[in-house]
Amino acid sequence: MKYYLTILSCFILINVFGQNPKTLSLGNKNIQISWQHTAEGYRIEKIAINKNGKWISDLAPSGEYTLLFSETKPSSESAETFDKITGGKFPEDAYHYQKQQWKESTTAVSLNTAGKAYHFFPKAVKIINKNHLQFTEETEVATIISDWTLDTKFTSDILVSQKLIPKKKGFFSLATPTLASLPVEKMSWVSVPGYFQGNFMQENFALAYAYGHGIPSRPIVYRERCASTLSPLMSSKNGITLSIIPEPGLARDPWAKDKITQTDWFIGLSHMNRKSQLSPTLYYPVLGEEKSERDTGQDINYAFRYSLISGDWFQALNHGIYDVYDFKQGLALRQSKQSLTDRIEKMHHYLINPKTSLWNIEEYKGKQIGAQSYMGGVVGSNKDAMKNSDYGAMWMLAHETQDPELTQKVLPPAENFKLVQQQTENGFFKGAVEGQYYLAKSKKFVEEWGEVMEPIALTYYVMLDIGNMLLFEPKNQELKARLILGAERLLAWQKPDGSFAVAYDKKTEDEIFKDIKDVRPTFYGLLVAYRILKDEKYLKAAQKGADWFINNAVETGSFLGVCGDARYAPDFATGQSAQALLDLYDFTNDERYKKAAITTAKIYISSIYTHPIPSKKIKIVNGVEKEDWEISQAGISFEHGGIFGSATRLGPILLASHAGMFLRIFQMTGDQIFADMARSAAIGRDAFVDPKTSVASYYWQAMNKGAGPYPHHAWWQIGWITDYLLSEAALRSDGKVSFPRGFVTPKVGPHQSYGFETGTIYGNKADLVIREGFVQTNQPVIDYILAENGKKNEAFIILLNDRSQSTSGKITLNPENWMSGKKISKIRNMKSNQTMPAKDNSISYNIPGFGIEVIAVQFD
């Protein structure tokens with residue numbers, strides 16, 4: 001043993017003084033990497049990953065380094081132009097919102113053609129110890145030193161730090177070495193989260209780059225601004241995944257100190273190396289961007305990790321999110337300063353005030369129609385656009401409050417708006433909608449972006465809206481007749497393979513946007529028809545559409561958005577698709593739909609930011625001190641990401657429509673990430689809530705400016721918050737608190753309506769109600785839901801502790817705000833069925849983190 005140690009010590013000393021061994025290795029029980037010394041330098045000759053006791057070598061080993069150098073700053077102009085798959089310029093000139101993004105995304109730096117590339121294998125090595133190697137290479141422009149160390153905590157990871165010492169002045173970008181590449185024929189999944197995911201190569205650049213419909217065949221360099229998780233990855237058919245993850249703090253901070261810094265570009269991410277081999281790659285600094293210009297001897301240093309796991313892409317994503325970027329820490333910091341329940345009550349007042357909600361009544365076709373002003377971009381608008389958003393939430397709030405300001409003044413003109421919005425004349429568009437928006441001055445309905453008619457708009461603004469209304473008004477024969485018109489139009493438009501067109505030209509009736517497929521949940525409108533009308537033909541058509549959708553969207557990772565002004569860049573419709581498939585599963589018990597729903601929800605995690613790691617660092621926001629976690633992007637989702645998305649400049653959105661759906665997926669799978677992400681999006685987001693109205697801003701960059709040009713978003717906020725709270729109640733009570741769900745909302749995601757049918761609370765029938773002022777709580781982290789059994793004069797209070805820590809406090813009940821002239825006679829804990837002490841109508845509680853307490857209150 002002593003002889004062996006002496007030889008080993010000599011071996012290490014020899015190499016420290018510069019003699020290079022023929023072979024090198026780093027390894028443990030999970031991974032093995034071997035280098036061979038060749039005439040070119042040290043090449044990796046073998047990479048193996050232990051999968052269930054068997055060593056897998058799917059990856060083609062490399063070890064090649066790449067350094068980019070330019071004496072001058074690269075151009076910021078587009079380097080190339082591109083055509084649609086059907087021919088013609090992409091994008092068309094009409095899409096001016098995307099003009100700047102496309103220009104930025106097609107520079108030589110973005111296309112990875114800028115600068116001179118130095119490719120090399122390092123020629124010198126030092127063996128620091130058995131788990132640490134240091135490689136060195138001299139190029140004509142810089143010295144590069146790379147330290148490779150096995151991670152002792154996460155034993156499938158290799159930690160690498162790189163140092164670049166310039167030999168001349170210029171612009172530098174040092175890529176991460178190509179550990180290995182994956183032959184296309186062995187590929188099962190490749191992703192740069194937030195930009196694309198898929199299982200096939202896409203040769204058409206526009207489809208791959210702008211939509212993520214397939215893997216780009218070029219080594220694009222993506223910005224971190226829309227990289228939801230900083231972890232480019234690739235999986236093999238044998239079930240191993242290589243991902244690369246930068247050290248936390250390397251990427252840009254979207255609000256670094258006292259102003260927005262969302263568009264800073266510190267690192268580049270790619271699924272390929274410069275030679276177009278599939279290999280997750282980082283670039284730091286980005287050539288021509290901040291920190292890339294260096295004088296002689298001015299060092300560049302950065303660190304990252306390779307992760308080689310015997311698991312799929314979802315397991316690798318979880319590793320980056322939890323183990324490296326500590327997602328749990330951010331959730332633990334979240335503390336609400338205003339309860340979500342209180343926000344709903346305050347938004348109720350906002351929405352019944354015509355001045356604050358910008359509510360309008362107009363005369364159209366002999367009817368009084370009502371909708372809210374919309375001051376966003378609409379083609380043809382002269383600041384006169386009107387829109388309603390969430391009919392399910394409108395009818396739900398009116399039903400739960402019985403407020404005449406809603407039942408008499410809002411709902412009737414809103415229903416009229418819906419009736420005149422639908423086309424009833426015979427022809428190709430009979431049953432469809434004229435458009436999402438009404439222009440009051442020109443007295444016409446229009447679509448968001450041009451003279452188009454989309455089948456998914458029919459699903460949204462006829463089937464979903466009218467379907468949700470019919471759940472509350474099942475005897476409304478006029479609405480039922482309109483639903484039938486819409487259903488028959490969807491049947492007529494459905495293609496033999498089950499798919500739909502993206503859109504039709506309103507004037508010519510020709511199908512347009514043939515360069516993209518309608519990989520959206522358009523089929524869901526037929527499921528609505530089946531649930532309301534009970535006709536089997538609609539269910540069969542919905543299944544046919546879903547089967548096509550699974551084959552063309554879910555299995556390939558290709559999705560389409562619903563925002564016309566963004567040329568349908570993938571968006572929250574992806575999350576909505578997961579709920580559509582779950583609802584189809586509920587009606588068919590076909591496991592294919594459940595499996596596809598779960599896969600889609602997993603993919604939607606790539607629409608949610610997981611960086612930077614939230615902290616308590618003080619930042620200045622519009623002159624006010626905020627802790628970093630209060631304004632953190634981690635945990636909130638895109639409107640649309642990718643290179644075309646609004647998130648490129650405005651950041652993510654605060655409308656967390658996916659939160660309830662994620663809890664339902666967690667209930668099915670046990671994957672903690674869904675519950676953690678739902679909660680991170682929903683709670684402690686007060687920095688984005690307007691204190692006057694309790695309406696949250698839409699885009700992250702607006703901070704707490706409120707609804708702004710989108711007053712109708714308050715309805716969506718009431719809708720998603722209700723779905724979230726009731727989903728939490730169902731989850732935490734093990735299904736003992738349960739209320740029937742309606743249909744998903746149009747456009748913004750998967751949240752669903754409630755309150756149209758009686759539910760159950762620990763075996764007791766209950767109807768959802770809102771009784772403002774009945775419950776007073778001294779803890780804003782406690783949310784509550786109210787329900788009643790009118791026949792028994794009994795009220796139910798569902799208390800939810802919406803933070804990670806346990807919470808003690810008390811609630812005080814004001815019976816006069818529930819039943820005039822009644823007194824409380826008995827209070828009991830529904831879980832234990834034990835009578836609870838109540839002094840002066842006050843009840844004490846101690847609820848564990850993300851726990852529940854359910855209380856019954858008897859009146860006499």
# chains A, B, ... in the order shown; residues from 1 in each chain; ligands from 1
>>> select_by_dssp(residues="stretch 79-206 of chain A", states="helix (DSSP H, G or I)", output="PDB file with C-alpha atoms, in the first residue's frame")
ATOM      1  CA  HIS A  96     -44.146  45.255 -36.173  1.00  0.00           C
ATOM      2  CA  TYR A  97     -44.065  44.087 -32.534  1.00  0.00           C
ATOM      3  CA  GLN A  98     -41.715  41.313 -33.669  1.00  0.00           C
ATOM      4  CA  LYS A  99     -39.564  43.437 -35.969  1.00  0.00           C
ATOM      5  CA  GLN A 100     -36.946  44.360 -33.373  1.00  0.00           C
ATOM      6  CA  GLN A 101     -36.829  40.873 -31.854  1.00  0.00           C
ATOM      7  CA  TRP A 102     -36.296  39.261 -35.250  1.00  0.00           C
ATOM      8  CA  LYS A 103     -33.551  41.749 -36.062  1.00  0.00           C
ATOM      9  CA  GLU A 104     -31.767  41.007 -32.778  1.00  0.00           C
ATOM     10  CA  SER A 105     -32.192  37.297 -33.270  1.00  0.00           C
ATOM     11  CA  VAL A 184     -29.253  12.658 -34.379  1.00  0.00           C
ATOM     12  CA  GLU A 185     -30.336   9.043 -34.795  1.00  0.00           C
ATOM     13  CA  LYS A 186     -29.882   8.469 -31.032  1.00  0.00           C
ATOM     14  CA  PHE A 205     -35.301  28.102 -39.894  1.00  0.00           C
ATOM     15  CA  ALA A 206     -38.414  30.212 -39.222  1.00  0.00           C
TER      16      ALA A 206
END
>>> residues_around(residues="stretch 534-547 of chain A", least_positions_apart="5", cutoff="8 Å", atoms="only C-alpha atoms", output="list in words")
Ala487, Leu491, Gln494, Asp497, Gly498, Ser499, Pro521, Thr522, Phe523, Tyr524, Gly525, Leu526, Leu527, Ala529, Leu581 and Leu584 of chain A
>>> write_last_selection(atoms="C-alpha atoms", output="PDB file, in the first residue's frame")
ATOM      1  CA  ALA A 487     -70.499  23.215 -32.531  1.00  0.00           C
ATOM      2  CA  LEU A 491     -67.574  20.026 -37.071  1.00  0.00           C
ATOM      3  CA  GLN A 494     -62.604  19.920 -38.736  1.00  0.00           C
ATOM      4  CA  ASP A 497     -57.383  13.883 -39.810  1.00  0.00           C
ATOM      5  CA  GLY A 498     -58.960  15.729 -36.859  1.00  0.00           C
ATOM      6  CA  SER A 499     -57.017  18.972 -37.220  1.00  0.00           C
ATOM      7  CA  PRO A 521     -56.606  22.937 -28.123  1.00  0.00           C
ATOM      8  CA  THR A 522     -59.192  23.882 -30.730  1.00  0.00           C
ATOM      9  CA  PHE A 523     -60.788  20.448 -30.253  1.00  0.00           C
ATOM     10  CA  TYR A 524     -61.864  21.457 -26.741  1.00  0.00           C
ATOM     11  CA  GLY A 525     -64.866  23.359 -28.084  1.00  0.00           C
ATOM     12  CA  LEU A 526     -66.355  20.049 -29.193  1.00  0.00           C
ATOM     13  CA  LEU A 527     -65.963  18.652 -25.676  1.00  0.00           C
ATOM     14  CA  ALA A 529     -70.647  20.836 -26.851  1.00  0.00           C
ATOM     15  CA  LEU A 581     -56.724  16.789 -22.196  1.00  0.00           C
ATOM     16  CA  LEU A 584     -61.267  14.755 -22.009  1.00  0.00           C
TER      17      LEU A 584
END
>>> closest_atom_pairs(of="stretch 270-387 of chain A", to="stretch 59-75 of chain A", cutoff="8 Å", atoms="only C-alpha atoms", output="Markdown table")
| residue | atom | partner | partner_atom | distance |
| --- | --- | --- | --- | --- |
| A:Arg274 | CA | A:Thr66 | CA | 7.6 |
| A:Leu287 | CA | A:Leu68 | CA | 7.3 |
| A:Gly288 | CA | A:Lys73 | CA | 5.1 |
>>> write_last_selection(atoms="all heavy atoms", output="PDB file, in the first residue's frame")
ATOM      1  N   ARG A 274     -20.386  25.175 -32.005  1.00  0.00           N
ATOM      2  CA  ARG A 274     -20.194  26.032 -33.188  1.00  0.00           C
ATOM      3  C   ARG A 274     -20.177  25.208 -34.478  1.00  0.00           C
ATOM      4  O   ARG A 274     -20.512  25.713 -35.551  1.00  0.00           O
ATOM      5  CB  ARG A 274     -18.882  26.810 -33.024  1.00  0.00           C
ATOM      6  CG  ARG A 274     -18.476  27.683 -34.198  1.00  0.00           C
ATOM      7  CD  ARG A 274     -19.097  29.055 -34.165  1.00  0.00           C
ATOM      8  NE  ARG A 274     -18.438  29.948 -35.109  1.00  0.00           N
ATOM      9  CZ  ARG A 274     -18.436  31.260 -35.056  1.00  0.00           C
ATOM     10  NH1 ARG A 274     -19.065  31.889 -34.096  1.00  0.00           N
ATOM     11  NH2 ARG A 274     -17.800  31.987 -35.953  1.00  0.00           N
ATOM     12  N   LEU A 287     -20.208  37.509 -27.410  1.00  0.00           N
ATOM     13  CA  LEU A 287     -19.343  38.313 -28.264  1.00  0.00           C
ATOM     14  C   LEU A 287     -19.991  39.663 -28.591  1.00  0.00           C
ATOM     15  O   LEU A 287     -21.109  39.721 -29.106  1.00  0.00           O
ATOM     16  CB  LEU A 287     -19.040  37.552 -29.566  1.00  0.00           C
ATOM     17  CG  LEU A 287     -17.798  37.999 -30.341  1.00  0.00           C
ATOM     18  CD1 LEU A 287     -16.537  37.693 -29.535  1.00  0.00           C
ATOM     19  CD2 LEU A 287     -17.737  37.301 -31.697  1.00  0.00           C
ATOM     20  N   GLY A 288     -19.285  40.748 -28.256  1.00  0.00           N
ATOM     21  CA  GLY A 288     -19.787  42.090 -28.534  1.00  0.00           C
ATOM     22  C   GLY A 288     -20.641  42.675 -27.437  1.00  0.00           C
ATOM     23  O   GLY A 288     -20.912  43.879 -27.428  1.00  0.00           O
TER      24      GLY A 288
END
>>> residues_around(residues="A:Gly684", least_positions_apart="4", cutoff="6 Å", atoms="only C-alpha atoms", output="MDAnalysis selection string")
chainID A and resid 334:336
>>> write_last_selection(atoms="all heavy atoms", output="mmCIF file, in the first residue's frame")
data_model
loop_
_atom_site.group_PDB
_atom_site.id
_atom_site.type_symbol
_atom_site.label_atom_id
_atom_site.label_comp_id
_atom_site.auth_asym_id
_atom_site.auth_seq_id
_atom_site.Cartn_x
_atom_site.Cartn_y
_atom_site.Cartn_z
ATOM 1 N N ARG A 334 -41.572 33.577 0.246
ATOM 2 C CA ARG A 334 -42.829 34.226 -0.138
ATOM 3 C C ARG A 334 -43.776 34.415 1.037
ATOM 4 O O ARG A 334 -44.149 33.460 1.709
ATOM 5 C CB ARG A 334 -43.546 33.443 -1.234
ATOM 6 C CG ARG A 334 -42.706 33.157 -2.439
ATOM 7 C CD ARG A 334 -43.447 33.418 -3.769
ATOM 8 N NE ARG A 334 -42.498 34.081 -4.667
ATOM 9 C CZ ARG A 334 -42.373 35.390 -4.759
ATOM 10 N NH1 ARG A 334 -43.169 36.180 -4.089
ATOM 11 N NH2 ARG A 334 -41.476 35.912 -5.551
ATOM 12 N N GLN A 335 -44.169 35.658 1.265
ATOM 13 C CA GLN A 335 -45.101 36.024 2.336
ATOM 14 C C GLN A 335 -46.071 37.057 1.771
ATOM 15 O O GLN A 335 -45.663 38.136 1.354
ATOM 16 C CB GLN A 335 -44.356 36.627 3.529
ATOM 17 C CG GLN A 335 -43.219 35.781 4.074
ATOM 18 C CD GLN A 335 -43.700 34.580 4.846
ATOM 19 O OE1 GLN A 335 -44.666 34.651 5.605
ATOM 20 N NE2 GLN A 335 -43.026 33.458 4.657
ATOM 21 N N SER A 336 -47.360 36.722 1.755
ATOM 22 C CA SER A 336 -48.361 37.652 1.236
ATOM 23 C C SER A 336 -48.647 38.766 2.229
ATOM 24 O O SER A 336 -48.747 38.523 3.441
ATOM 25 C CB SER A 336 -49.658 36.907 0.919
ATOM 26 O OG SER A 336 -49.480 36.012 -0.157
#
>>> residues_around(residues="A:Ile56", least_positions_apart="4", cutoff="10 Å", atoms="only C-alpha atoms", output="PDB file with N, CA and C atoms, in the first residue's frame")
ATOM      1  N   ILE A  31     -20.612   8.187 -13.240  1.00  0.00           N
ATOM      2  CA  ILE A  31     -20.083   8.628 -14.530  1.00  0.00           C
ATOM      3  C   ILE A  31     -18.614   8.262 -14.658  1.00  0.00           C
ATOM      4  N   ILE A  47     -17.061   8.316 -22.675  1.00  0.00           N
ATOM      5  CA  ILE A  47     -17.989   8.812 -21.657  1.00  0.00           C
ATOM      6  C   ILE A  47     -19.011   7.722 -21.410  1.00  0.00           C
ATOM      7  N   ALA A  48     -19.216   7.367 -20.168  1.00  0.00           N
ATOM      8  CA  ALA A  48     -20.191   6.330 -19.828  1.00  0.00           C
ATOM      9  C   ALA A  48     -20.995   6.766 -18.613  1.00  0.00           C
ATOM     10  N   ILE A  49     -22.286   6.439 -18.633  1.00  0.00           N
ATOM     11  CA  ILE A  49     -23.196   6.771 -17.540  1.00  0.00           C
ATOM     12  C   ILE A  49     -23.794   5.479 -17.013  1.00  0.00           C
ATOM     13  N   ASN A  50     -23.795   5.329 -15.727  1.00  0.00           N
ATOM     14  CA  ASN A  50     -24.337   4.127 -15.093  1.00  0.00           C
ATOM     15  C   ASN A  50     -25.855   4.222 -15.032  1.00  0.00           C
ATOM     16  N   LYS A  51     -26.510   3.314 -15.721  1.00  0.00           N
ATOM     17  CA  LYS A  51     -27.970   3.263 -15.695  1.00  0.00           C
ATOM     18  C   LYS A  51     -28.399   1.882 -15.219  1.00  0.00           C
ATOM     19  N   ASN A  52     -28.864   1.846 -14.005  1.00  0.00           N
ATOM     20  CA  ASN A  52     -29.317   0.592 -13.391  1.00  0.00           C
ATOM     21  C   ASN A  52     -28.257  -0.501 -13.453  1.00  0.00           C
ATOM     22  N   ASN A 238     -31.707   5.868 -25.131  1.00  0.00           N
ATOM     23  CA  ASN A 238     -31.400   4.933 -24.049  1.00  0.00           C
ATOM     24  C   ASN A 238     -31.677   5.512 -22.665  1.00  0.00           C
ATOM     25  N   GLY A 239     -32.199   6.730 -22.631  1.00  0.00           N
ATOM     26  CA  GLY A 239     -32.617   7.297 -21.359  1.00  0.00           C
ATOM     27  C   GLY A 239     -31.544   7.949 -20.537  1.00  0.00           C
ATOM     28  N   ILE A 240     -30.556   8.553 -21.186  1.00  0.00           N
ATOM     29  CA  ILE A 240     -29.583   9.364 -20.456  1.00  0.00           C
ATOM     30  C   ILE A 240     -29.680  10.805 -20.955  1.00  0.00           C
ATOM     31  N   SER A 310     -28.824   9.392 -15.538  1.00  0.00           N
ATOM     32  CA  SER A 310     -29.483   8.228 -16.155  1.00  0.00           C
ATOM     33  C   SER A 310     -30.986   8.418 -16.009  1.00  0.00           C
TER      34      SER A 310
END
>>> residues_around(residues="A:Ile245", least_positions_apart="5", cutoff="12 Å", atoms="only C-alpha atoms", output="ChimeraX atom specification")
/A:157-160,176,192-193,224,227,229-233,250-251,267-270,280-283,302-308,316-321,323-325,611
>>> residues_around(residues="A:Gln162", least_positions_apart="4", cutoff="12 Å", atoms="only C-alpha atoms", output="ChimeraX atom specification")
/A:65,67,134-137,143-149,173-177,246-247,282-285,299-305
>>> closest_atom_pairs(of="stretch 672-789 of chain A", to="stretch 814-822 of chain A", cutoff="7 Å", atoms="only C-alpha atoms", output="JSON lines")
{"residue": "A:Arg771", "atom": "CA", "partner": "A:Trp818", "partner_atom": "CA", "distance": 6.1}
{"residue": "A:Gly773", "atom": "CA", "partner": "A:Asn817", "partner_atom": "CA", "distance": 6.0}
{"residue": "A:Phe774", "atom": "CA", "partner": "A:Asn814", "partner_atom": "CA", "distance": 4.7}
{"residue": "A:Val775", "atom": "CA", "partner": "A:Asn814", "partner_atom": "CA", "distance": 6.5}
>>> write_last_selection(atoms="N, CA and C atoms", output="tab-separated table (two decimals), in the first residue's frame")
chain	number	residue	atom	x	y	z
A	771	ARG	N	-69.29	36.47	1.17
A	771	ARG	CA	-69.96	37.32	2.16
A	771	ARG	C	-68.91	38.25	2.76
A	773	GLY	N	-66.91	40.75	4.73
A	773	GLY	CA	-67.00	41.23	6.10
A	773	GLY	C	-67.38	40.17	7.11
A	774	PHE	N	-67.78	38.98	6.66
A	774	PHE	CA	-68.16	37.93	7.62
A	774	PHE	C	-66.93	37.43	8.38
A	775	VAL	N	-65.80	37.30	7.69
A	775	VAL	CA	-64.58	36.82	8.31
A	775	VAL	C	-63.56	37.95	8.36
>>> atom_distance(atom1="atom CA of A:Thr693", atom2="atom CA of A:Phe662")
27.5 Å
>>> atom_distance(atom1="atom CA of A:Leu458", atom2="atom CA of A:Lys506")
13.7 Å
>>> residues_around(residues="A:Ile516", least_positions_apart="6", cutoff="10 Å", atoms="only C-alpha atoms", output="VMD selection string")
chain A and resid 84 to 86 207 211 213 501 to 502 559 to 560 568
>>> write_last_selection(atoms="C-alpha atoms", output="compact mmCIF listing (two decimals), in the first residue's frame")
# COMPACT_ATOMS: atom_id res chain seq x y z
CA LYS A 84 -41.53 30.69 -44.54
CA ILE A 85 -41.79 27.00 -45.31
CA THR A 86 -44.52 27.92 -47.82
CA LEU A 207 -40.43 27.26 -37.93
CA TYR A 211 -41.99 28.69 -33.06
CA HIS A 213 -41.50 23.44 -34.12
CA ALA A 501 -56.84 25.45 -39.93
CA VAL A 502 -54.98 28.16 -38.06
CA PHE A 559 -47.18 24.17 -29.81
CA LEU A 560 -48.79 27.34 -31.13
CA TYR A 568 -49.19 33.05 -32.68
>>> closest_residue(among="A:Asn416, A:Ser357, A:Thr610, A:Ser577", to="A:Pro709", atoms="only C-alpha atoms")
A:Ser357
>>> closest_residue(among="A:Met453, A:Ile631, A:Leu439, A:Ala729", to="A:Glu363", atoms="only C-alpha atoms")
A:Leu439
>>> closest_residue(among="A:Gly849, A:Pro455, A:Pro404, A:Pro413", to="A:Phe428", atoms="only C-alpha atoms")
A:Pro455
>>> closest_residue(among="A:Glu140, A:Trp359, A:Arg43, A:Pro219", to="A:Val109", atoms="only C-alpha atoms")
A:Pro219
>>> atom_distance(atom1="atom CA of A:Ile598", atom2="atom CA of A:Gln717")
24.4 Å
>>> decode(residues="stretch 470-484 of chain A", atoms="N, CA, C and O atoms", output="PDB file, in the first residue's frame")
ATOM      1  N   LEU A 470     -73.943  28.679 -19.768  1.00  0.00           N
ATOM      2  CA  LEU A 470     -74.998  27.659 -19.698  1.00  0.00           C
ATOM      3  C   LEU A 470     -74.878  26.790 -18.446  1.00  0.00           C
ATOM      4  O   LEU A 470     -75.876  26.224 -17.983  1.00  0.00           O
ATOM      5  N   LEU A 471     -73.683  26.666 -17.897  1.00  0.00           N
ATOM      6  CA  LEU A 471     -73.561  25.932 -16.644  1.00  0.00           C
ATOM      7  C   LEU A 471     -74.337  26.638 -15.536  1.00  0.00           C
ATOM      8  O   LEU A 471     -74.911  25.993 -14.652  1.00  0.00           O
ATOM      9  N   PHE A 472     -74.379  27.966 -15.579  1.00  0.00           N
ATOM     10  CA  PHE A 472     -75.141  28.743 -14.602  1.00  0.00           C
ATOM     11  C   PHE A 472     -76.591  28.928 -15.022  1.00  0.00           C
ATOM     12  O   PHE A 472     -77.461  29.129 -14.168  1.00  0.00           O
ATOM     13  N   GLU A 473     -76.857  28.890 -16.331  1.00  0.00           N
ATOM     14  CA  GLU A 473     -78.209  29.108 -16.856  1.00  0.00           C
ATOM     15  C   GLU A 473     -78.588  27.961 -17.797  1.00  0.00           C
ATOM     16  O   GLU A 473     -78.724  28.156 -19.008  1.00  0.00           O
ATOM     17  N   PRO A 474     -78.729  26.751 -17.275  1.00  0.00           N
ATOM     18  CA  PRO A 474     -78.959  25.593 -18.152  1.00  0.00           C
ATOM     19  C   PRO A 474     -80.272  25.644 -18.945  1.00  0.00           C
ATOM     20  O   PRO A 474     -80.415  24.922 -19.938  1.00  0.00           O
ATOM     21  N   LYS A 475     -81.206  26.488 -18.543  1.00  0.00           N
ATOM     22  CA  LYS A 475     -82.489  26.581 -19.249  1.00  0.00           C
ATOM     23  C   LYS A 475     -82.519  27.703 -20.283  1.00  0.00           C
ATOM     24  O   LYS A 475     -83.561  27.945 -20.903  1.00  0.00           O
ATOM     25  N   ASN A 476     -81.402  28.364 -20.498  1.00  0.00           N
ATOM     26  CA  ASN A 476     -81.347  29.469 -21.459  1.00  0.00           C
ATOM     27  C   ASN A 476     -81.294  28.886 -22.874  1.00  0.00           C
ATOM     28  O   ASN A 476     -80.237  28.499 -23.374  1.00  0.00           O
ATOM     29  N   GLN A 477     -82.448  28.829 -23.513  1.00  0.00           N
ATOM     30  CA  GLN A 477     -82.547  28.174 -24.816  1.00  0.00           C
ATOM     31  C   GLN A 477     -81.860  28.955 -25.924  1.00  0.00           C
ATOM     32  O   GLN A 477     -81.347  28.366 -26.884  1.00  0.00           O
ATOM     33  N   GLU A 478     -81.820  30.276 -25.806  1.00  0.00           N
ATOM     34  CA  GLU A 478     -81.140  31.071 -26.834  1.00  0.00           C
ATOM     35  C   GLU A 478     -79.643  30.776 -26.820  1.00  0.00           C
ATOM     36  O   GLU A 478     -79.017  30.587 -27.876  1.00  0.00           O
ATOM     37  N   LEU A 479     -79.071  30.714 -25.620  1.00  0.00           N
ATOM     38  CA  LEU A 479     -77.647  30.390 -25.532  1.00  0.00           C
ATOM     39  C   LEU A 479     -77.379  28.970 -26.029  1.00  0.00           C
ATOM     40  O   LEU A 479     -76.371  28.715 -26.694  1.00  0.00           O
ATOM     41  N   LYS A 480     -78.272  28.054 -25.727  1.00  0.00           N
ATOM     42  CA  LYS A 480     -78.080  26.672 -26.168  1.00  0.00           C
ATOM     43  C   LYS A 480     -78.120  26.585 -27.693  1.00  0.00           C
ATOM     44  O   LYS A 480     -77.328  25.853 -28.305  1.00  0.00           O
ATOM     45  N   ALA A 481     -79.022  27.347 -28.309  1.00  0.00           N
ATOM     46  CA  ALA A 481     -79.099  27.353 -29.775  1.00  0.00           C
ATOM     47  C   ALA A 481     -77.812  27.918 -30.374  1.00  0.00           C
ATOM     48  O   ALA A 481     -77.328  27.420 -31.407  1.00  0.00           O
ATOM     49  N   ARG A 482     -77.257  28.921 -29.721  1.00  0.00           N
ATOM     50  CA  ARG A 482     -75.996  29.502 -30.213  1.00  0.00           C
ATOM     51  C   ARG A 482     -74.841  28.515 -30.050  1.00  0.00           C
ATOM     52  O   ARG A 482     -73.934  28.465 -30.875  1.00  0.00           O
ATOM     53  N   LEU A 483     -74.862  27.749 -28.967  1.00  0.00           N
ATOM     54  CA  LEU A 483     -73.822  26.740 -28.766  1.00  0.00           C
ATOM     55  C   LEU A 483     -73.874  25.693 -29.872  1.00  0.00           C
ATOM     56  O   LEU A 483     -72.842  25.248 -30.385  1.00  0.00           O
ATOM     57  N   ILE A 484     -75.077  25.316 -30.263  1.00  0.00           N
ATOM     58  CA  ILE A 484     -75.235  24.338 -31.343  1.00  0.00           C
ATOM     59  C   ILE A 484     -74.676  24.900 -32.657  1.00  0.00           C
ATOM     60  O   ILE A 484     -73.972  24.198 -33.400  1.00  0.00           O
TER      61      ILE A 484
END
